[in-house]
Amino acid sequence: MTDDTTLHLEELHTRLAQGAQDAGLLDIAYRTVDSPVGELLLAATERGIVRIAFHREGFDDVLQTLSTKVSPRVLRSPARLDAAATELEQYFEGKRRGFDLPLDFSLSHGFRRAVQGILPTIAYGSTASYAQVAAAAGSPRAMRAVGSACATNPLPLVVPCHRVLRTDGSLGGYAGGLEAKSALLHLESAA
Amino acid sequence: MMLLPFETVVRTHGRTVLRVCLSVAGADDADDAWSETFLSALDAYPRLPADANVEAWLVTIARRKAIDVVRARGRRPVTVERLPEEPSTLGIPGALDDERAAAETVARAVSALPGKQRQAVTYHYLGGLPYQEVADIIGGTTDAARRAAADGISALRRTMGARP
């Protein structure tokens, strides 16, 4: 078939996503956005943002994991992510210091979930060590587990795992790559 | 095996479903039939067995939805070159459990057919496409498409233990 058909299928897809939303069948909506740390994938359930992923994580893999662990009713549909896209844009422009978005922690459990809940208390522009976060979580010796909780954070940027460093001040790890982590810290210290 | 994100299903099979809708419902109603097909499929998708033949499943829903859309407008469905020789025993989402089980059995048998036979059976018998359009999709002549479908049906009769 022709390019006209391709365009037509895009229109039908848009209409399908809207119909799915209206019928309560759009369990996961997603879109991609450009950012200074590369293309990002944003995904949301009806409850809130469920996943933010960096390009290097592989969007196909990320979507497959969402399909398996949350629901296979997944469609590309930008509308539900409009607020998230706007807030992230403001953040990258240095005009926003915190996020005001509903979050869905379906992908996190137990101690990791608890740690991820603590991370937003680390203020914009400041950092904490893995040891400090472990202490704040009530398990001062669980530094490695804090490291895992940061590494598996399903909502980077919004849940600021980039503000957690090694005790000696070195970067540690980051799902988005150390360059991205460093860029975010630089952005926050400059603003 | 895991279910793929539904987005992938729409991207992979959207074109084929549109062909079935165009063929059965005509240009005026094809879009509505396409939307109805994927909404209905999205609803049922989490319950689809991970090894199901997604294309056969979708094409079957598409044909049913296209006929429904046309009937709702009080028109007759576009006549196909030749109607399927026997009524389909395939269920659609929400159908009775034994009907759904039968549908899965057929779909599994269809998936086991060699490529062209599988496509010809799916598009002609499940989707209601005339052989000429089947040939447009799978390549080759109309006669070759007809032969592939006939060979496929013979093979299905054998594997499913039906009397000749």
# chains A, B, ... in the order shown; residues from 1 in each chain; ligands from 1
$ residues_around --residues "range 157-161 of chain B" --least-positions-apart "2" --cutoff "12 Å" --atoms "only C-alpha atoms" --output "CSV table (one decimal) with all heavy atoms, in the first residue's frame"
chain,number,residue,atom,x,y,z
B,102,ALA,N,-12.5,-23.6,20.8
B,102,ALA,CA,-12.4,-24.1,19.4
B,102,ALA,C,-11.6,-23.1,18.5
B,102,ALA,O,-10.8,-23.5,17.7
B,102,ALA,CB,-13.9,-24.2,18.9
B,105,THR,N,-8.0,-23.6,19.0
B,105,THR,CA,-7.6,-24.9,18.4
B,105,THR,C,-7.3,-24.6,16.9
B,105,THR,O,-6.3,-25.0,16.3
B,105,THR,CB,-8.6,-26.0,18.6
B,105,THR,OG1,-8.9,-26.1,19.9
B,105,THR,CG2,-8.0,-27.3,18.1
B,106,VAL,N,-8.3,-23.9,16.3
B,106,VAL,CA,-8.2,-23.6,14.9
B,106,VAL,C,-6.9,-22.7,14.6
B,106,VAL,O,-6.1,-23.0,13.8
B,106,VAL,CB,-9.4,-23.0,14.3
B,106,VAL,CG1,-9.2,-22.5,12.9
B,106,VAL,CG2,-10.6,-23.9,14.4
B,107,ALA,N,-6.9,-21.7,15.4
B,107,ALA,CA,-5.8,-20.7,15.3
B,107,ALA,C,-4.4,-21.4,15.4
B,107,ALA,O,-3.5,-21.1,14.7
B,107,ALA,CB,-5.9,-19.6,16.3
B,108,ARG,N,-4.3,-22.3,16.4
B,108,ARG,CA,-3.1,-23.0,16.6
B,108,ARG,C,-2.7,-23.9,15.4
B,108,ARG,O,-1.6,-23.9,14.9
B,108,ARG,CB,-3.1,-23.9,17.8
B,108,ARG,CG,-1.8,-24.1,18.5
B,108,ARG,CD,-1.9,-24.5,19.9
B,108,ARG,NE,-2.3,-23.4,20.8
B,108,ARG,CZ,-3.2,-23.5,21.8
B,108,ARG,NH1,-3.9,-24.6,22.0
B,108,ARG,NH2,-3.5,-22.4,22.5
B,109,ALA,N,-3.7,-24.6,14.8
B,109,ALA,CA,-3.5,-25.4,13.7
B,109,ALA,C,-3.1,-24.6,12.5
B,109,ALA,O,-2.2,-24.9,11.7
B,109,ALA,CB,-4.8,-26.2,13.4
B,110,VAL,N,-3.8,-23.4,12.3
B,110,VAL,CA,-3.5,-22.5,11.2
B,110,VAL,C,-2.0,-22.0,11.3
B,110,VAL,O,-1.3,-22.0,10.4
B,110,VAL,CB,-4.4,-21.3,11.2
B,110,VAL,CG1,-4.0,-20.2,10.2
B,110,VAL,CG2,-5.8,-21.8,10.8
B,111,SER,N,-1.6,-21.7,12.6
B,111,SER,CA,-0.2,-21.2,12.7
B,111,SER,C,0.8,-22.2,12.3
B,111,SER,O,2.0,-21.9,12.0
B,111,SER,CB,0.2,-20.8,14.2
B,111,SER,OG,-0.9,-20.6,14.9
B,112,ALA,N,0.5,-23.5,12.4
B,112,ALA,CA,1.4,-24.6,12.0
B,112,ALA,C,1.6,-24.8,10.5
B,112,ALA,O,2.5,-25.5,10.1
B,112,ALA,CB,1.0,-25.9,12.7
B,113,LEU,N,0.7,-24.1,9.7
B,113,LEU,CA,0.8,-24.3,8.3
B,113,LEU,C,2.0,-23.6,7.7
B,113,LEU,O,2.5,-22.6,8.3
B,113,LEU,CB,-0.5,-23.7,7.6
B,113,LEU,CG,-1.8,-24.4,7.9
B,113,LEU,CD1,-2.9,-23.6,7.3
B,113,LEU,CD2,-1.8,-25.8,7.3
B,150,ALA,N,-6.4,-23.8,-0.7
B,150,ALA,CA,-7.0,-25.2,-0.8
B,150,ALA,C,-6.0,-26.2,-0.1
B,150,ALA,O,-6.5,-27.1,0.6
B,150,ALA,CB,-7.2,-25.6,-2.2
B,151,ASP,N,-4.7,-26.1,-0.4
B,151,ASP,CA,-3.8,-27.0,0.3
B,151,ASP,C,-3.8,-26.8,1.8
B,151,ASP,O,-3.7,-27.8,2.5
B,151,ASP,CB,-2.3,-26.7,-0.2
B,151,ASP,CG,-2.2,-27.1,-1.7
B,151,ASP,OD1,-3.1,-27.8,-2.2
B,151,ASP,OD2,-1.2,-26.7,-2.3
B,152,GLY,N,-3.9,-25.5,2.2
B,152,GLY,CA,-4.0,-25.3,3.6
B,152,GLY,C,-5.2,-25.9,4.3
B,152,GLY,O,-5.1,-26.5,5.4
B,153,ILE,N,-6.3,-25.8,3.6
B,153,ILE,CA,-7.6,-26.4,4.2
B,153,ILE,C,-7.4,-27.9,4.2
B,153,ILE,O,-7.8,-28.5,5.2
B,153,ILE,CB,-8.8,-26.0,3.3
B,153,ILE,CG1,-9.1,-24.5,3.5
B,153,ILE,CG2,-10.0,-26.8,3.7
B,153,ILE,CD1,-9.5,-24.1,4.9
B,154,SER,N,-6.8,-28.5,3.2
B,154,SER,CA,-6.6,-30.0,3.2
B,154,SER,C,-5.8,-30.4,4.4
B,154,SER,O,-6.1,-31.3,5.1
B,154,SER,CB,-6.0,-30.5,2.0
B,154,SER,OG,-6.7,-30.1,0.9
B,155,ALA,N,-4.7,-29.6,4.6
B,155,ALA,CA,-3.8,-29.9,5.7
B,155,ALA,C,-4.5,-29.7,7.1
B,155,ALA,O,-4.3,-30.6,8.0
B,155,ALA,CB,-2.6,-29.0,5.7
B,163,ARG,N,-13.4,-35.4,8.9
B,163,ARG,CA,-13.6,-36.3,7.8
B,163,ARG,C,-13.4,-35.5,6.5
B,163,ARG,O,-13.8,-34.4,6.4
B,163,ARG,CB,-15.0,-36.9,7.9
B,163,ARG,CG,-15.0,-38.1,8.8
B,163,ARG,CD,-16.5,-38.6,9.0
B,163,ARG,NE,-17.2,-37.6,9.8
B,163,ARG,CZ,-18.5,-37.6,10.1
B,163,ARG,NH1,-19.2,-38.5,9.5
B,163,ARG,NH2,-19.0,-36.7,10.8
B,164,PRO,N,-12.9,-36.2,5.5
B,164,PRO,CA,-12.7,-35.4,4.2
B,164,PRO,C,-14.0,-35.0,3.6
B,164,PRO,O,-15.0,-35.7,3.8
B,164,PRO,CB,-11.9,-36.4,3.3
B,164,PRO,CG,-12.1,-37.8,4.0
B,164,PRO,CD,-12.4,-37.6,5.4
$ residues_around --residues "Leu81 in chain A" --least-positions-apart "4" --cutoff "8 Å" --atoms "only C-alpha atoms" --output "ChimeraX atom specification"
/A:29-31,42-44,77,85
$ closest_atom_pairs --of "chain B" --to "chain A" --cutoff "10 Å" --atoms "only C-alpha atoms" --output "JSON lines"
{"residue": "B:Met2", "atom": "CA", "partner": "A:Thr68", "partner_atom": "CA", "distance": 6.7}
{"residue": "B:Leu3", "atom": "CA", "partner": "A:Pro72", "partner_atom": "CA", "distance": 6.5}
{"residue": "B:Leu4", "atom": "CA", "partner": "A:Gln64", "partner_atom": "CA", "distance": 6.3}
{"residue": "B:Pro5", "atom": "CA", "partner": "A:Pro72", "partner_atom": "CA", "distance": 4.9}
{"residue": "B:Phe6", "atom": "CA", "partner": "A:Val74", "partner_atom": "CA", "distance": 5.2}
{"residue": "B:Glu7", "atom": "CA", "partner": "A:Leu75", "partner_atom": "CA", "distance": 4.8}
{"residue": "B:Thr8", "atom": "CA", "partner": "A:Leu75", "partner_atom": "CA", "distance": 8.5}
{"residue": "B:Val9", "atom": "CA", "partner": "A:Leu75", "partner_atom": "CA", "distance": 9.8}
{"residue": "B:Val10", "atom": "CA", "partner": "A:His13", "partner_atom": "CA", "distance": 8.0}
{"residue": "B:Arg11", "atom": "CA", "partner": "A:His13", "partner_atom": "CA", "distance": 8.9}
{"residue": "B:Gly14", "atom": "CA", "partner": "A:Leu9", "partner_atom": "CA", "distance": 7.1}
{"residue": "B:Arg15", "atom": "CA", "partner": "A:Leu9", "partner_atom": "CA", "distance": 7.4}
{"residue": "B:Leu18", "atom": "CA", "partner": "A:Leu9", "partner_atom": "CA", "distance": 8.4}
{"residue": "B:Arg19", "atom": "CA", "partner": "A:Met1", "partner_atom": "CA", "distance": 9.6}
{"residue": "B:Asp31", "atom": "CA", "partner": "A:Leu12", "partner_atom": "CA", "distance": 7.2}
{"residue": "B:Asp32", "atom": "CA", "partner": "A:Leu12", "partner_atom": "CA", "distance": 9.2}
{"residue": "B:Trp34", "atom": "CA", "partner": "A:Leu12", "partner_atom": "CA", "distance": 7.9}
{"residue": "B:Ser35", "atom": "CA", "partner": "A:Leu16", "partner_atom": "CA", "distance": 5.9}
{"residue": "B:Glu36", "atom": "CA", "partner": "A:Leu16", "partner_atom": "CA", "distance": 8.7}
{"residue": "B:Thr37", "atom": "CA", "partner": "A:Leu16", "partner_atom": "CA", "distance": 9.9}
{"residue": "B:Phe38", "atom": "CA", "partner": "A:Leu16", "partner_atom": "CA", "distance": 7.4}
{"residue": "B:Leu39", "atom": "CA", "partner": "A:Ala20", "partner_atom": "CA", "distance": 6.4}
{"residue": "B:Ser40", "atom": "CA", "partner": "A:Ala20", "partner_atom": "CA", "distance": 9.6}
{"residue": "B:Ala41", "atom": "CA", "partner": "A:Arg73", "partner_atom": "CA", "distance": 9.9}
{"residue": "B:Leu42", "atom": "CA", "partner": "A:Arg73", "partner_atom": "CA", "distance": 6.4}
{"residue": "B:Asp43", "atom": "CA", "partner": "A:Leu25", "partner_atom": "CA", "distance": 6.4}
{"residue": "B:Ala44", "atom": "CA", "partner": "A:Arg73", "partner_atom": "CA", "distance": 9.5}
{"residue": "B:Tyr45", "atom": "CA", "partner": "A:Arg73", "partner_atom": "CA", "distance": 7.3}
{"residue": "B:Pro46", "atom": "CA", "partner": "A:Pro72", "partner_atom": "CA", "distance": 6.2}
{"residue": "B:Arg47", "atom": "CA", "partner": "A:Pro72", "partner_atom": "CA", "distance": 9.9}
{"residue": "B:Asp136", "atom": "CA", "partner": "A:Met1", "partner_atom": "CA", "distance": 9.8}
{"residue": "B:Ile137", "atom": "CA", "partner": "A:Met1", "partner_atom": "CA", "distance": 9.3}
$ closest_residue --among "B:Gly140, B:Ala135, B:Thr16, B:Arg147" --to "Trp57 in chain B" --atoms "only C-alpha atoms"
B:Thr16
$ select_by_dssp --residues "range 29-94 of chain A" --states "alpha helix (DSSP H)" --output "MDAnalysis selection string"
chainID A and resid 59:69 82:92
$ closest_atom_pairs --of "range 21-129 of chain A" --to "range 157-175 of chain A" --cutoff "7 Å" --atoms "only C-alpha atoms" --output "Markdown table"
| residue | atom | partner | partner_atom | distance |
| --- | --- | --- | --- | --- |
| A:Phe99 | CA | A:Val158 | CA | 6.3 |
| A:Gln116 | CA | A:Val159 | CA | 6.7 |
| A:Leu119 | CA | A:Pro160 | CA | 6.0 |
| A:Pro120 | CA | A:Val159 | CA | 5.6 |
| A:Ser126 | CA | A:Arg163 | CA | 6.8 |
| A:Thr127 | CA | A:Arg163 | CA | 4.6 |
| A:Ala128 | CA | A:Val164 | CA | 5.0 |
| A:Ser129 | CA | A:Leu165 | CA | 4.7 |
